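Let me begin by presenting the structure, written as C-alpha cells, before commenting on it.
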Amino acid sequence: MVNEMRWETRLLVLVAGVLTVFGIASLFAAATLERDAFGFFTKQLLGAILGIALLVAVARFDYHRWQVLAWPLLLGTVALLIVPLLPFTRGISPMLNGARRWIQLGPLTMQPSEVARFTVPIWVAMLAAKKGAAIREFKKGLLPFLVILAAVSLLVLLEPNLSMAVLLVAIGFTIMFVAGARIGHFLLLVPVALLGVLGLVLVEPYRLARVKCFFESCGQGNFQLDQALLGFGSGGAFGVGFGHGQLKLHYLPYGYSDFLFSTIGEEWGFLGVVVIALLFGVFGWFGFRIARTAPDPFGQFLAVGLSAAISLGALLHMAVTIGLMPTTGLAFPFMSYGRSGLIMALVSVGVLVNIGRSRRR
C-alpha cells in the first residue's frame, strides 16, 4: 500500500473547500433580510471551522477503525433519532415548521438524521465486507441490510423527513449494488419501495398536495417552486450579481437552505449553476476513483457510500429546485445553512482522504 495523497484525493479536498466557502457566502447573501443575517454567517462559519478541524483529525484516523465502530455508531444514531420522537423531550427537541428533527442543548443544535447520513454508510459497508459473496443470497445476505435500513429510515420518517429517509435507503442500495447484490433482487425490491413511498404520500395530506402540485398548477401550492424557477429565469446567463438577488426579499421561503440552489441561480446565473453542478459531479467522480483504488472491500464500499451520500443529496436538492421532483426539504451538502450537515459532510471528506492515502499501488 501507499500512504500518500494522490491527485484525486487532493482535488477532492479542494472541491469540498470551494463548495464550503461558496456556500457560506451564498447563504449569507440569501439571508440578508432574516432577523440576524450576521448570526447565520457566524454560526455557519464556526461550523465550517469545527468541520475542517475534524476533517484534519479524521484524515489521520485509520479508516479500518470505523469498521470496528460500525455497530456502536449505528446504535448511537438510533438513540439520537429516538430522542425527538419522545413526548417528554420537547424541551430539547421542540416542534419547528411542523417537524421535530433537531436536538438543542443550550447553544448547540444537532440534527440526528445528518448523523445517520454518515453512520449508515459505515454500517452498510462493514456488513457488506463481512458478508462477501453471501450478499448475493436474499435471506442470509440482503435481508439483514433491509431490516436495519428499514428501521433507521422509519425513525427518520417519523420526524417526519421522507426525503432523508429515501436518501438513506438509496445510499444503502448503492453500496449493496457495488458489493455484488443480485440485480434481480433489486428489480423486486424497487417496486416494493416505490409502493411504500406512494403509501406514505397518500397518508399525509401535505405530501399528497405537494405531489399533486408537481403534476398540475395549484395556485399557492406551487408558490415556493414558482419563485425558485423565477429566480433561475431572472438570473439569465451570468446572474444579477452577488447579493443583488430579489428572492431573499421574502419571496422565497428557506432560500438559504432548502432552496439555496435557486438563490445561486439568480445571483450567479446559468454559469454559476453549471459550475456548482459540475463541482458536485467531480466530487462524486473523485470519490469513486478513491473507492476503486482502496486496498480492501470495506474501504471500497465505505468510499462509495460516503461519496453517494453527498452526491445523491446534492442531486436531489438540485432536482427539487428546478422542478424535476416534488418539493421537499433536503439541504444542499456543504452549502445550505445547518451546522450538522456541514460538519458531517466535512468529516466524510476526512474519511475519504484517509482511504485515498491507503490505496493500492
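All residue names refer to the C-alpha cells as shown: chains lettered A, B, ... in order, residues numbered from 1 in each chain, ligands numbered from 1 in order.
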
Give me, as a VMD selection string, the residues of segment 102-285 of chain A that a backbone DSSP run labels alpha helix (DSSP H). chain A and resid 112 to 131 143 to 157 162 to 179 183 to 203 205 to 215 223 to 235 260 to 285

Restrict the calculation to only C-alpha atoms, then for each residue of segment 128-245 of chain A with any atom at most 12 Å from an atom of segment 64-73 of chain A give the closest atom pair and their distance in Å to one decimal, rows by chain and rising residue number, as CSV.
residue,atom,partner,partner_atom,distance
A:Ala128,CA,A:Gln67,CA,10.8
A:Ala129,CA,A:Gln67,CA,9.3
A:Lys130,CA,A:Gln67,CA,9.8
A:Ile148,CA,A:Trp71,CA,11.1

I want to know what sits within 10 Å of segment 155-163 of chain A, based on only C-alpha atoms, with residues of the same chain fewer than 4 positions away left out; could you give that as a PyMOL selection string? chain A and resi 78-82+84-85+95+98-102+112-113+116+150-151+167-168+197+200-201+207+313+316-317+327-330

From a DSSP calculation on the backbone, collect every residue of segment 31-105 of chain A in strand (DSSP E or B) and output the set as a PDB file with N, CA, C and O atoms, in the first residue's frame.
ATOM      1  N   LEU A  96     -40.506  22.507  15.111  1.00  0.00           N
ATOM      2  CA  LEU A  96     -40.148  23.630  14.250  1.00  0.00           C
ATOM      3  C   LEU A  96     -40.655  23.350  12.847  1.00  0.00           C
ATOM      4  O   LEU A  96     -40.302  22.334  12.248  1.00  0.00           O
ATOM      5  N   ALA A  99     -42.162  19.867  12.323  1.00  0.00           N
ATOM      6  CA  ALA A  99     -41.340  18.664  12.457  1.00  0.00           C
ATOM      7  C   ALA A  99     -40.433  18.780  13.674  1.00  0.00           C
ATOM      8  O   ALA A  99     -40.079  19.877  14.109  1.00  0.00           O
ATOM      9  N   ILE A 103     -32.105  18.405  17.947  1.00  0.00           N
ATOM     10  CA  ILE A 103     -31.884  18.322  19.389  1.00  0.00           C
ATOM     11  C   ILE A 103     -31.088  19.551  19.786  1.00  0.00           C
ATOM     12  O   ILE A 103     -30.007  19.805  19.244  1.00  0.00           O
ATOM     13  N   GLN A 104     -31.619  20.336  20.718  1.00  0.00           N
ATOM     14  CA  GLN A 104     -30.976  21.571  21.148  1.00  0.00           C
ATOM     15  C   GLN A 104     -30.505  21.439  22.590  1.00  0.00           C
ATOM     16  O   GLN A 104     -31.302  21.168  23.488  1.00  0.00           O
ATOM     17  N   LEU A 105     -29.223  21.620  22.787  1.00  0.00           N
ATOM     18  CA  LEU A 105     -28.629  21.607  24.126  1.00  0.00           C
ATOM     19  C   LEU A 105     -27.899  22.928  24.314  1.00  0.00           C
ATOM     20  O   LEU A 105     -26.720  23.066  23.958  1.00  0.00           O
TER      21      LEU A 105
END

Contacts of Val13 of chain A at 9 Å or less, counting only C-alpha atoms, minus same-chain residues fewer than 6 places along, as a ChimeraX atom specification? /A:283,349-350,353

For C-alpha atoms, I'd like the residues from the last selection saved as a short mmCIF file (atom, residue, chain, number, x, y, z; two decimals), in the first residue's frame.
data_model
loop_
_atom_site.label_atom_id
_atom_site.label_comp_id
_atom_site.auth_asym_id
_atom_site.auth_seq_id
_atom_site.Cartn_x
_atom_site.Cartn_y
_atom_site.Cartn_z
CA PHE A 283 -16.61 15.32 -6.22
CA VAL A 349 -14.28 14.10 3.32
CA GLY A 350 -11.73 13.31 6.05
CA VAL A 353 -8.88 11.29 2.41
#

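Taking only C-alpha atoms into account, Phe177 of chain A lies nearest to A:Val124 out of the set A:Val124, A:Val21, A:Leu271, A:Cys213.
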
Go ahead and compute the interatomic distance for atom CA of Thr42 of chain A and atom CA of Gly243 of chain A, in Å to one decimal.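 Those two atoms sit 17.2 Å apart.
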
Test item: residues at most 9 Å from segment 45-56 of chain A, only C-alpha atoms, excluding those fewer than 3 positions along its chain, as a PyMOL selection string: chain A and resi 20-21+24+40-42+59-60+334+338-340+342-351+353

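Residue nearest Val240 of chain A within the list A:Glu216, A:Asp258, A:Lys139, A:Trp268: A:Trp268 [criterion: smallest interatomic distance, only C-alpha atoms].
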
At a cut-off of 12 Å, using only C-alpha atoms, what residues contact Val274 of chain A? Leave out same-chain residues fewer than 2 positions from it and give the result as a list in words. Phe232, Ala237, Phe238, Phe261, Ile264, Gly265, Trp268, Gly269, Phe270, Leu271, Gly272, Ile276, Ala277, Leu278, Leu279, Phe280, Gly281, Val282 and Met318 of chain A

Could you save those same residues with all heavy atoms as a tab-separated table (two decimals), in the first residue's frame?
chain	number	residue	atom	x	y	z
A	232	PHE	N	-34.24	31.30	-11.15
A	232	PHE	CA	-33.37	30.79	-12.21
A	232	PHE	C	-33.53	31.61	-13.49
A	232	PHE	O	-32.55	31.95	-14.16
A	232	PHE	CB	-33.68	29.32	-12.50
A	232	PHE	CG	-33.17	28.36	-11.47
A	232	PHE	CD1	-34.04	27.62	-10.69
A	232	PHE	CD2	-31.81	28.18	-11.28
A	232	PHE	CE1	-33.57	26.73	-9.74
A	232	PHE	CE2	-31.32	27.28	-10.34
A	232	PHE	CZ	-32.21	26.56	-9.56
A	237	ALA	N	-27.86	34.34	-17.98
A	237	ALA	CA	-26.62	33.61	-18.22
A	237	ALA	C	-25.58	33.84	-17.13
A	237	ALA	O	-24.88	32.91	-16.72
A	237	ALA	CB	-26.03	34.00	-19.58
A	238	PHE	N	-25.50	35.07	-16.63
A	238	PHE	CA	-24.43	35.41	-15.69
A	238	PHE	C	-24.93	35.91	-14.34
A	238	PHE	O	-24.13	36.29	-13.49
A	238	PHE	CB	-23.50	36.45	-16.31
A	238	PHE	CG	-22.90	36.01	-17.61
A	238	PHE	CD1	-23.37	36.54	-18.81
A	238	PHE	CD2	-21.92	35.05	-17.65
A	238	PHE	CE1	-22.84	36.12	-20.02
A	238	PHE	CE2	-21.38	34.62	-18.86
A	238	PHE	CZ	-21.84	35.15	-20.05
A	261	PHE	N	-30.01	26.47	-4.04
A	261	PHE	CA	-29.56	26.35	-5.43
A	261	PHE	C	-30.26	27.38	-6.31
A	261	PHE	O	-29.66	27.92	-7.25
A	261	PHE	CB	-29.84	24.94	-5.94
A	261	PHE	CG	-29.16	24.61	-7.24
A	261	PHE	CD1	-27.80	24.79	-7.40
A	261	PHE	CD2	-29.89	24.10	-8.31
A	261	PHE	CE1	-27.16	24.48	-8.60
A	261	PHE	CE2	-29.27	23.79	-9.50
A	261	PHE	CZ	-27.91	23.97	-9.65
A	264	ILE	N	-28.59	30.70	-5.83
A	264	ILE	CA	-27.34	30.72	-6.60
A	264	ILE	C	-27.64	30.99	-8.07
A	264	ILE	O	-26.94	31.76	-8.74
A	264	ILE	CB	-26.60	29.39	-6.42
A	264	ILE	CG1	-26.12	29.24	-4.97
A	264	ILE	CG2	-25.41	29.28	-7.38
A	264	ILE	CD1	-25.56	27.87	-4.65
A	265	GLY	N	-28.70	30.36	-8.58
A	265	GLY	CA	-29.06	30.57	-9.97
A	265	GLY	C	-29.44	32.00	-10.27
A	265	GLY	O	-29.13	32.53	-11.34
A	268	TRP	N	-25.89	34.13	-9.63
A	268	TRP	CA	-24.73	33.73	-10.41
A	268	TRP	C	-25.09	33.25	-11.81
A	268	TRP	O	-24.20	32.95	-12.61
A	268	TRP	CB	-23.94	32.66	-9.68
A	268	TRP	CG	-23.37	33.14	-8.38
A	268	TRP	CD1	-23.96	33.08	-7.16
A	268	TRP	CD2	-22.10	33.77	-8.18
A	268	TRP	NE1	-23.14	33.63	-6.19
A	268	TRP	CE2	-21.99	34.06	-6.79
A	268	TRP	CE3	-21.04	34.11	-9.01
A	268	TRP	CZ2	-20.88	34.68	-6.24
A	268	TRP	CZ3	-19.93	34.72	-8.47
A	268	TRP	CH2	-19.85	35.01	-7.09
A	269	GLY	N	-26.39	33.12	-12.08
A	269	GLY	CA	-26.84	32.78	-13.41
A	269	GLY	C	-26.58	31.33	-13.81
A	269	GLY	O	-26.18	30.49	-13.01
A	270	PHE	N	-26.83	31.08	-15.10
A	270	PHE	CA	-26.66	29.73	-15.64
A	270	PHE	C	-25.22	29.25	-15.46
A	270	PHE	O	-24.98	28.08	-15.17
A	270	PHE	CB	-27.05	29.73	-17.12
A	270	PHE	CG	-26.89	28.40	-17.79
A	270	PHE	CD1	-27.79	27.37	-17.54
A	270	PHE	CD2	-25.84	28.16	-18.66
A	270	PHE	CE1	-27.65	26.13	-18.16
A	270	PHE	CE2	-25.68	26.93	-19.28
A	270	PHE	CZ	-26.59	25.91	-19.03
A	271	LEU	N	-24.28	30.16	-15.64
A	271	LEU	CA	-22.87	29.80	-15.49
A	271	LEU	C	-22.58	29.29	-14.08
A	271	LEU	O	-21.92	28.26	-13.90
A	271	LEU	CB	-21.99	31.00	-15.80
A	271	LEU	CG	-20.47	30.78	-15.67
A	271	LEU	CD1	-20.01	29.72	-16.65
A	271	LEU	CD2	-19.72	32.09	-15.89
A	272	GLY	N	-23.09	29.99	-13.06
A	272	GLY	CA	-22.87	29.56	-11.68
A	272	GLY	C	-23.52	28.23	-11.38
A	272	GLY	O	-22.93	27.37	-10.69
A	276	ILE	N	-21.47	24.83	-10.19
A	276	ILE	CA	-21.77	24.11	-8.95
A	276	ILE	C	-22.14	22.67	-9.24
A	276	ILE	O	-21.68	21.73	-8.55
A	276	ILE	CB	-22.91	24.82	-8.19
A	276	ILE	CG1	-22.46	26.19	-7.70
A	276	ILE	CG2	-23.36	23.97	-7.00
A	276	ILE	CD1	-21.29	26.17	-6.76
A	277	ALA	N	-22.98	22.44	-10.27
A	277	ALA	CA	-23.36	21.07	-10.62
A	277	ALA	C	-22.13	20.26	-11.03
A	277	ALA	O	-21.99	19.09	-10.64
A	277	ALA	CB	-24.38	21.10	-11.75
A	278	LEU	N	-21.23	20.87	-11.79
A	278	LEU	CA	-20.01	20.18	-12.20
A	278	LEU	C	-19.12	19.86	-11.00
A	278	LEU	O	-18.50	18.79	-10.95
A	278	LEU	CB	-19.24	21.02	-13.21
A	278	LEU	CG	-19.82	21.07	-14.63
A	278	LEU	CD1	-19.01	22.02	-15.50
A	278	LEU	CD2	-19.85	19.68	-15.27
A	279	LEU	N	-19.04	20.77	-10.04
A	279	LEU	CA	-18.22	20.53	-8.86
A	279	LEU	C	-18.72	19.32	-8.08
A	279	LEU	O	-17.93	18.49	-7.61
A	279	LEU	CB	-18.20	21.77	-7.97
A	279	LEU	CG	-17.32	22.93	-8.44
A	279	LEU	CD1	-17.51	24.15	-7.54
A	279	LEU	CD2	-15.85	22.52	-8.47
A	280	PHE	N	-20.04	19.20	-7.93
A	280	PHE	CA	-20.58	18.02	-7.23
A	280	PHE	C	-20.36	16.75	-8.06
A	280	PHE	O	-20.08	15.68	-7.50
A	280	PHE	CB	-22.07	18.21	-6.93
A	280	PHE	CG	-22.32	18.99	-5.68
A	280	PHE	CD1	-22.80	20.29	-5.74
A	280	PHE	CD2	-22.08	18.43	-4.44
A	280	PHE	CE1	-23.04	21.01	-4.57
A	280	PHE	CE2	-22.30	19.15	-3.26
A	280	PHE	CZ	-22.79	20.44	-3.34
A	281	GLY	N	-20.48	16.87	-9.39
A	281	GLY	CA	-20.19	15.71	-10.23
A	281	GLY	C	-18.74	15.28	-10.12
A	281	GLY	O	-18.43	14.08	-10.03
A	282	VAL	N	-17.84	16.25	-10.11
A	282	VAL	CA	-16.41	15.96	-9.97
A	282	VAL	C	-16.12	15.35	-8.60
A	282	VAL	O	-15.31	14.43	-8.47
A	282	VAL	CB	-15.58	17.24	-10.20
A	282	VAL	CG1	-14.14	17.04	-9.77
A	282	VAL	CG2	-15.65	17.66	-11.66
A	318	MET	N	-30.90	19.69	-6.13
A	318	MET	CA	-30.98	20.40	-7.40
A	318	MET	C	-32.24	20.03	-8.17
A	318	MET	O	-32.89	20.88	-8.80
A	318	MET	CB	-29.73	20.13	-8.23
A	318	MET	CG	-28.46	20.76	-7.66
A	318	MET	SD	-26.99	20.58	-8.72
A	318	MET	CE	-26.58	18.87	-8.41

What lies within 10 Å of Phe301 of chain A using only C-alpha atoms, ignoring chain neighbours under 6 positions off, as a PyMOL selection string? chain A and resi 121-122+124-129+174-179+288+291-292+294+307

Could you please take those selected residues and save N, CA and C atoms as an mmCIF file, in the first residue's frame?
data_model
loop_
_atom_site.group_PDB
_atom_site.id
_atom_site.type_symbol
_atom_site.label_atom_id
_atom_site.label_comp_id
_atom_site.auth_asym_id
_atom_site.auth_seq_id
_atom_site.Cartn_x
_atom_site.Cartn_y
_atom_site.Cartn_z
ATOM 1 N N PRO A 121 -23.765 4.645 5.957
ATOM 2 C CA PRO A 121 -22.785 4.071 5.022
ATOM 3 C C PRO A 121 -21.692 3.253 5.708
ATOM 4 N N ILE A 122 -21.271 3.678 6.904
ATOM 5 C CA ILE A 122 -20.243 2.920 7.628
ATOM 6 C C ILE A 122 -20.766 1.535 7.972
ATOM 7 N N VAL A 124 -23.385 -0.159 6.642
ATOM 8 C CA VAL A 124 -23.663 -0.975 5.454
ATOM 9 C C VAL A 124 -22.355 -1.478 4.837
ATOM 10 N N ALA A 125 -21.332 -0.617 4.770
ATOM 11 C CA ALA A 125 -20.040 -1.037 4.226
ATOM 12 C C ALA A 125 -19.424 -2.139 5.080
ATOM 13 N N MET A 126 -19.532 -2.019 6.407
ATOM 14 C CA MET A 126 -18.996 -3.039 7.313
ATOM 15 C C MET A 126 -19.666 -4.390 7.049
ATOM 16 N N LEU A 127 -20.994 -4.402 6.980
ATOM 17 C CA LEU A 127 -21.711 -5.662 6.811
ATOM 18 C C LEU A 127 -21.501 -6.236 5.412
ATOM 19 N N ALA A 128 -21.417 -5.352 4.406
ATOM 20 C CA ALA A 128 -21.182 -5.836 3.041
ATOM 21 C C ALA A 128 -19.814 -6.501 2.941
ATOM 22 N N ALA A 129 -18.801 -5.911 3.574
ATOM 23 C CA ALA A 129 -17.468 -6.506 3.565
ATOM 24 C C ALA A 129 -17.466 -7.837 4.313
ATOM 25 N N THR A 174 -27.057 1.588 -2.979
ATOM 26 C CA THR A 174 -25.876 1.831 -3.811
ATOM 27 C C THR A 174 -24.706 0.968 -3.350
ATOM 28 N N ILE A 175 -24.471 0.946 -2.043
ATOM 29 C CA ILE A 175 -23.361 0.133 -1.511
ATOM 30 C C ILE A 175 -23.609 -1.346 -1.770
ATOM 31 N N MET A 176 -24.843 -1.801 -1.534
ATOM 32 C CA MET A 176 -25.154 -3.214 -1.739
ATOM 33 C C MET A 176 -24.982 -3.608 -3.203
ATOM 34 N N PHE A 177 -25.366 -2.718 -4.107
ATOM 35 C CA PHE A 177 -25.214 -2.998 -5.534
ATOM 36 C C PHE A 177 -23.739 -3.132 -5.890
ATOM 37 N N VAL A 178 -22.912 -2.197 -5.399
ATOM 38 C CA VAL A 178 -21.479 -2.251 -5.671
ATOM 39 C C VAL A 178 -20.852 -3.498 -5.045
ATOM 40 N N ALA A 179 -21.393 -3.921 -3.898
ATOM 41 C CA ALA A 179 -20.847 -5.087 -3.199
ATOM 42 C C ALA A 179 -21.199 -6.395 -3.883
ATOM 43 N N PHE A 288 -15.385 8.061 -6.218
ATOM 44 C CA PHE A 288 -15.432 6.709 -6.783
ATOM 45 C C PHE A 288 -14.047 6.257 -7.256
ATOM 46 N N ALA A 291 -12.488 4.986 -4.209
ATOM 47 C CA ALA A 291 -13.032 3.661 -3.907
ATOM 48 C C ALA A 291 -12.382 2.584 -4.774
ATOM 49 N N ARG A 292 -12.136 2.897 -6.034
ATOM 50 C CA ARG A 292 -11.577 1.909 -6.963
ATOM 51 C C ARG A 292 -10.182 1.463 -6.556
ATOM 52 N N ALA A 294 -9.018 1.594 -3.345
ATOM 53 C CA ALA A 294 -8.950 1.255 -1.917
ATOM 54 C C ALA A 294 -8.374 -0.154 -1.750
ATOM 55 N N SER A 307 -19.351 8.952 -0.715
ATOM 56 C CA SER A 307 -19.437 9.766 -1.930
ATOM 57 C C SER A 307 -20.877 9.862 -2.405
#

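Each of A:Met335, A:Val115, A:Leu74, A:Val120 was compared to Ser257 of chain A using only C-alpha atoms, and A:Met335 turns out to be the nearest.
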